[in-house]
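Trainee: Right, I'll just put the structure down here and ask away after.
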There are 2 protein chains.
Amino acid sequence: MNDTPATMMAAMGARARDASRTLARCPTAAKQRAIACAAESLRGAGPAILAANAQDMADAAAAGLSPAMLDRLRLDPARVAAMADGVAAVSTLPDPVGAVIDETRRPNGLALARVRVPIGVIGIIFESRPGVTADAAALCVGSGNAVILRGGSEARASNAAIHTAFVEGLETGGLPRDAVQLVATTDRAAVGAMLAAEGLIDLIVPRGGKGLVARVQAEARVPVLAHLDGINHVYVDASADFDMACAVVVDAKMRRTGICGAMETLLIDSNFGRVGGLVSALADAGCQIRCDPADQRLMPWNDLSDGVDFGVEYLDAIASVGLVEGIDGAIAHIAAHGSHHTDAIVAEDAAVAERFLAEVDSAIVLWNASTQFADGGEFGLGAEIGIATGRLHARGPVALEGLTTYKWVGRGAGQVRG
Amino acid sequence: MNDTPATMMAAMGARARDASRTLARCPTAAKQRAIACAAESLRGAGPAILAANAQDMADAAAAGLSPAMLDRLRLDPARVAAMADGVAAVSTLPDPVGAVIDETRRPNGLALARVRVPIGVIGIIFESRPGVTADAAALCVGSGNAVILRGGSEARASNAAIHTAFVEGLETGGLPRDAVQLVATTDRAAVGAMLAAEGLIDLIVPRGGKGLVARVQAEARVPVLAHLDGINHVYVDASADFDMACAVVVDAKMRRTGICGAMETLLIDSNFGRVGGLVSALADAGCQIRCDPADQRLMPWNDLSDGVDFGVEYLDAIASVGLVEGIDGAIAHIAAHGSHHTDAIVAEDAAVAERFLAEVDSAIVLWNASTQFADGGEFGLGAEIGIATGRLHARGPVALEGLTTYKWVGRGAGQVRG
């Protein structure tokens, strides 16, 4: 092909726009049937997908990828089945498209409604885990959008096999194959072309490490839904129940340390009665403690002699720990160091907790619950395309509704403004 | 001052962020009282505002501004009173902040709600009309946001006088002056600093001509709510009532030709029985007709021998007119040439009209009503900060709700994910 990335993207974008128009007027049952067919097709294509994945794994091993990356890349029959199950689950979710957000009749008789419609064409840029291909495609189609997918070069064969199976299923179910397109080239310039595709792609969702998200946020001319950091705090108020505080803090940090909802910083009210016991509980669970060496009450557990950086997302069994002066100190600390993702308070004092919920400016704020609940599935959304920490359009876990917008629909009887 | 525009903006942004935190937790009654005080202060400052405006008018006349621009710049006692009335009206609008969008209780007992919160810091970049200062400030404060305003250099003294009166009123009402800041310099680089102010300004709303909006859309690193074009269509279906079609078409084009909701293109179903009568009605109302010279049925009214460009926003008493093959032709024409602003159908056939409403991809779609209703006041929103044709966050007229976002608030009893 002699196409430049920009001309390739223009052609894919035009096909996606056409497909998006078909999808936008597609009844719920037809979308759900096509997604169910895609799930079935993925199940049937298991051997082909595994063969393609074996090829990617061999290339990746030869290229010296890390064991962690190899594990993210690897598929096995159970993972393929889980991928198909995930797609099938999307086919049963309520359809946000067509929902009436609100309606009114104006004094002149004009009936006005705001009606949910798909966004149009979504671009997904992802790394490593080939399962994202199916998962993201199902969510986009389920919300009536066409999607252009761009996976990592290391998963090239796996992504192609999954994509082929998915669109064959869609076609069986009566939807156009162009509803889900995969960028075939692994040329990095193709990512640049997606990020510059104003008018072709309406929204970009990056799924991957911080390097990818940072590049997308820095370069994109198309709106982006994403989070860069999850520097999440648990604040333990003086009024907190000790056992609850230990349980929430240990779960928030240690259940899974590598997810974006993990706690990175523990803030303890300096008037909390059992500071040492709480820090011990976290340390005993296997967490390294980093604190300001001036904090004499925390020093016995401190694992780093030269201080603490409260702006770090460890994604590991390490926590920054600091003492603060009550709720005001906690709110000020989070405003200075947080990343607007997920922050929690443990407190028995409802007035203090309500101040935290109202004044901490994060996508998700929790009272007496672990930050590890920051997940579309846990929030009852059935799935998620990602978690957004921006302030526009959608915040927190983004699922089908977050992939829609609305239009104003007015029905009149010849009204003129006159 | 030796400040660069970037350091000036950093300082203003920090003060705005502080003020936004105060505003975000401000009860409805306190915001409404402060806005009412601002309205009162504007009334009292009438002489000072008019004196400042006289200075701007003298400078502008000396600089040779066009009569249209001079008219937009000019204030008189009635216009100042209308400005104060507009601000007072915002003080009576329902407060979107704190509204619960939806709520649920998860099987584990966690109570989750999505709660409306202010966006944070809004940047408004505007031209000519000094009234925007008061209007935009009231809408931002009313929705709990801090605002940084940047007006045109020609209205420098007027804007400063209005701003001073407004913030004195706010302060009387108990809100911080930094809730509404005006960029003092008229250096064009200050606009660039606002557009680059990621993390300081959360949303930019440009209010002015196409040149301003295009610059903002091209350069902004901050999300923008705006519309560039309003290439609005009225499609008259074969099933349309002739008298209603004439009334809607003439109003849509001629009521006010210079507003973004004005019709620019009239599409007529080639099976409509009275094509000539309809075009005559529009021409008789004083509208120039431009059509494809090959359209023999339209040629008798054609005012331009060398054809028609369906991509033009005239903002004048001129209309592009074309014949299309029914609803499919109309939908395809609008998809090819429209600007996703406001499009209307005149039809008696409900099935045809519902297809138009569903398939035309515009922020506002209307059946049997004039496109000139595209206005927040006409939609019952009480006011508008502007009309947005993007696909994310808010579409169509944007008022108080469009200046808010939401957070997820979870209340638990010690739930851990385990």
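Residue numbering restarts at 1 in every chain; chains get A, B, ... in the order shown in the structure tokens, and ligands count up from 1 in that same order.
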Got a sec to tell me which of range 194-349 of chain B DSSP assigns to helix (DSSP H, G or I), as number ranges by chain?

Mentor: B: 194-195, 210-219, 242-254, 275-284, 299-301, 326-337

Trainee: May I have the residues from that selection written out with N, CA and C atoms, as a short mmCIF file (atom, residue, chain, number, x, y, z; two decimals), in the first residue's frame?

Mentor:
```cif
data_model
loop_
_atom_site.label_atom_id
_atom_site.label_comp_id
_atom_site.auth_asym_id
_atom_site.auth_seq_id
_atom_site.Cartn_x
_atom_site.Cartn_y
_atom_site.Cartn_z
N MET B 194 -4.73 31.64 27.59
CA MET B 194 -5.96 30.99 28.05
C MET B 194 -6.16 29.65 27.34
N LEU B 195 -5.92 29.64 26.03
CA LEU B 195 -6.16 28.42 25.25
C LEU B 195 -5.19 27.31 25.65
N LYS B 210 -16.83 34.12 13.50
CA LYS B 210 -16.25 32.87 13.05
C LYS B 210 -14.72 32.88 13.19
N GLY B 211 -14.10 34.03 13.01
CA GLY B 211 -12.65 34.11 13.12
C GLY B 211 -12.19 33.74 14.52
N LEU B 212 -12.89 34.29 15.51
CA LEU B 212 -12.55 33.99 16.90
C LEU B 212 -12.76 32.50 17.20
N VAL B 213 -13.93 31.98 16.82
CA VAL B 213 -14.24 30.58 17.13
C VAL B 213 -13.24 29.65 16.44
N ALA B 214 -12.92 29.95 15.20
CA ALA B 214 -11.98 29.09 14.48
C ALA B 214 -10.61 29.10 15.14
N ARG B 215 -10.17 30.28 15.59
CA ARG B 215 -8.86 30.33 16.26
C ARG B 215 -8.91 29.50 17.55
N VAL B 216 -9.96 29.67 18.32
CA VAL B 216 -10.07 28.94 19.58
C VAL B 216 -10.08 27.44 19.32
N GLN B 217 -10.88 26.99 18.35
CA GLN B 217 -10.96 25.55 18.08
C GLN B 217 -9.62 25.01 17.59
N ALA B 218 -8.89 25.81 16.81
CA ALA B 218 -7.64 25.32 16.25
C ALA B 218 -6.54 25.24 17.30
N GLU B 219 -6.52 26.21 18.22
CA GLU B 219 -5.37 26.32 19.12
C GLU B 219 -5.59 25.73 20.50
N PHE B 242 -48.89 23.61 2.47
CA PHE B 242 -48.27 24.74 1.75
C PHE B 242 -48.16 25.99 2.60
N ASP B 243 -49.23 26.36 3.27
CA ASP B 243 -49.19 27.60 4.05
C ASP B 243 -48.20 27.49 5.20
N MET B 244 -48.18 26.31 5.87
CA MET B 244 -47.24 26.13 6.98
C MET B 244 -45.80 26.19 6.46
N ALA B 245 -45.58 25.57 5.30
CA ALA B 245 -44.23 25.56 4.73
C ALA B 245 -43.77 26.98 4.45
N CYS B 246 -44.64 27.79 3.86
CA CYS B 246 -44.27 29.18 3.57
C CYS B 246 -43.96 29.93 4.85
N ALA B 247 -44.81 29.76 5.86
CA ALA B 247 -44.62 30.50 7.11
C ALA B 247 -43.32 30.09 7.80
N VAL B 248 -43.06 28.79 7.87
CA VAL B 248 -41.86 28.31 8.56
C VAL B 248 -40.61 28.74 7.79
N VAL B 249 -40.62 28.59 6.48
CA VAL B 249 -39.44 28.92 5.67
C VAL B 249 -39.13 30.42 5.75
N VAL B 250 -40.16 31.25 5.62
CA VAL B 250 -39.92 32.70 5.66
C VAL B 250 -39.42 33.12 7.04
N ASP B 251 -40.01 32.56 8.10
CA ASP B 251 -39.55 32.91 9.44
C ASP B 251 -38.12 32.43 9.66
N ALA B 252 -37.84 31.18 9.25
CA ALA B 252 -36.53 30.57 9.50
C ALA B 252 -35.42 31.38 8.84
N LYS B 253 -35.72 31.94 7.66
CA LYS B 253 -34.70 32.74 6.97
C LYS B 253 -34.75 34.20 7.37
N MET B 254 -35.92 34.80 7.39
CA MET B 254 -36.01 36.26 7.36
C MET B 254 -36.28 36.93 8.71
N VAL B 275 -43.72 24.05 -5.72
CA VAL B 275 -42.33 24.51 -5.59
C VAL B 275 -42.25 26.00 -5.88
N GLY B 276 -42.84 26.41 -6.99
CA GLY B 276 -42.73 27.82 -7.38
C GLY B 276 -43.38 28.74 -6.37
N GLY B 277 -44.51 28.35 -5.85
CA GLY B 277 -45.21 29.18 -4.87
C GLY B 277 -44.38 29.37 -3.61
N LEU B 278 -43.74 28.29 -3.19
CA LEU B 278 -42.92 28.34 -1.97
C LEU B 278 -41.71 29.24 -2.18
N VAL B 279 -41.03 29.08 -3.32
CA VAL B 279 -39.84 29.91 -3.57
C VAL B 279 -40.25 31.38 -3.74
N SER B 280 -41.38 31.58 -4.38
CA SER B 280 -41.91 32.96 -4.50
C SER B 280 -42.15 33.59 -3.15
N ALA B 281 -42.71 32.82 -2.24
CA ALA B 281 -43.01 33.37 -0.91
C ALA B 281 -41.73 33.86 -0.24
N LEU B 282 -40.66 33.06 -0.39
CA LEU B 282 -39.39 33.44 0.21
C LEU B 282 -38.80 34.66 -0.50
N ALA B 283 -38.86 34.64 -1.83
CA ALA B 283 -38.32 35.77 -2.60
C ALA B 283 -39.13 37.03 -2.32
N ASP B 284 -40.44 36.90 -2.22
CA ASP B 284 -41.29 38.06 -1.95
C ASP B 284 -41.02 38.66 -0.58
N MET B 299 -35.16 28.15 -11.53
CA MET B 299 -34.45 29.21 -12.25
C MET B 299 -35.16 30.56 -12.30
N PRO B 300 -36.48 30.58 -12.39
CA PRO B 300 -37.11 31.90 -12.50
C PRO B 300 -36.78 32.83 -11.33
N TRP B 301 -36.41 32.26 -10.19
CA TRP B 301 -36.13 33.11 -9.02
C TRP B 301 -34.62 33.29 -8.77
N GLY B 326 -37.04 13.45 -2.11
CA GLY B 326 -37.68 12.95 -0.89
C GLY B 326 -36.77 12.98 0.33
N ILE B 327 -37.21 12.27 1.36
CA ILE B 327 -36.52 12.29 2.64
C ILE B 327 -35.10 11.75 2.51
N ASP B 328 -34.91 10.72 1.69
CA ASP B 328 -33.55 10.18 1.54
C ASP B 328 -32.61 11.23 0.95
N GLY B 329 -33.11 11.97 -0.05
CA GLY B 329 -32.29 13.02 -0.63
C GLY B 329 -31.98 14.11 0.37
N ALA B 330 -32.98 14.45 1.19
CA ALA B 330 -32.76 15.52 2.18
C ALA B 330 -31.73 15.09 3.22
N ILE B 331 -31.87 13.86 3.72
CA ILE B 331 -30.92 13.37 4.75
C ILE B 331 -29.51 13.33 4.17
N ALA B 332 -29.38 12.85 2.93
CA ALA B 332 -28.05 12.76 2.32
C ALA B 332 -27.46 14.15 2.10
N HIS B 333 -28.29 15.10 1.65
CA HIS B 333 -27.80 16.47 1.43
C HIS B 333 -27.31 17.08 2.74
N ILE B 334 -28.09 16.92 3.80
CA ILE B 334 -27.70 17.54 5.08
C ILE B 334 -26.44 16.86 5.64
N ALA B 335 -26.33 15.54 5.45
CA ALA B 335 -25.12 14.85 5.91
C ALA B 335 -23.89 15.37 5.15
N ALA B 336 -24.08 15.72 3.90
CA ALA B 336 -22.94 16.18 3.09
C ALA B 336 -22.59 17.64 3.35
N HIS B 337 -23.57 18.48 3.61
CA HIS B 337 -23.33 19.93 3.64
C HIS B 337 -23.62 20.60 4.99
#
```

Trainee: List the spatial neighbours of range 386-400 of chain A as a ChimeraX atom specification - criterion: any atom at most 8 Å away, only C-alpha atoms, same-chain residues fewer than 5 positions off excluded.

Mentor: /A:95-96,139-140,142-143,205,207,225-228,339-341,362-364,374-376,379,381 /B:119,202,223,392-394,405-408

Trainee: Identify, with DSSP run on backbone atoms, the residues in range 175-399 of chain B assigned to strand (DSSP E or B), and express the list as a ChimeraX atom specification.

Mentor: /B:180-182,198,201,203-207,224,232-236,263-269,288-290,302,318-324,342-346,364-369,386-388,396-398

Trainee: Would you please work out which residue, of A:Arg74, A:Arg355, A:Arg188, A:His163, is nearest to Ala39 in chain A when using only C-alpha atoms?

Mentor: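 Of A:Arg74, A:Arg355, A:Arg188, A:His163, the one nearest Ala39 in chain A, counting only C-alpha atoms, is A:His163.
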
Trainee: Please compute the CA of Gln372 in chain B-CA of Asp295 in chain B distance, one decimal, in Å.

Mentor: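 Distance between the two atoms: 27.4 Å.
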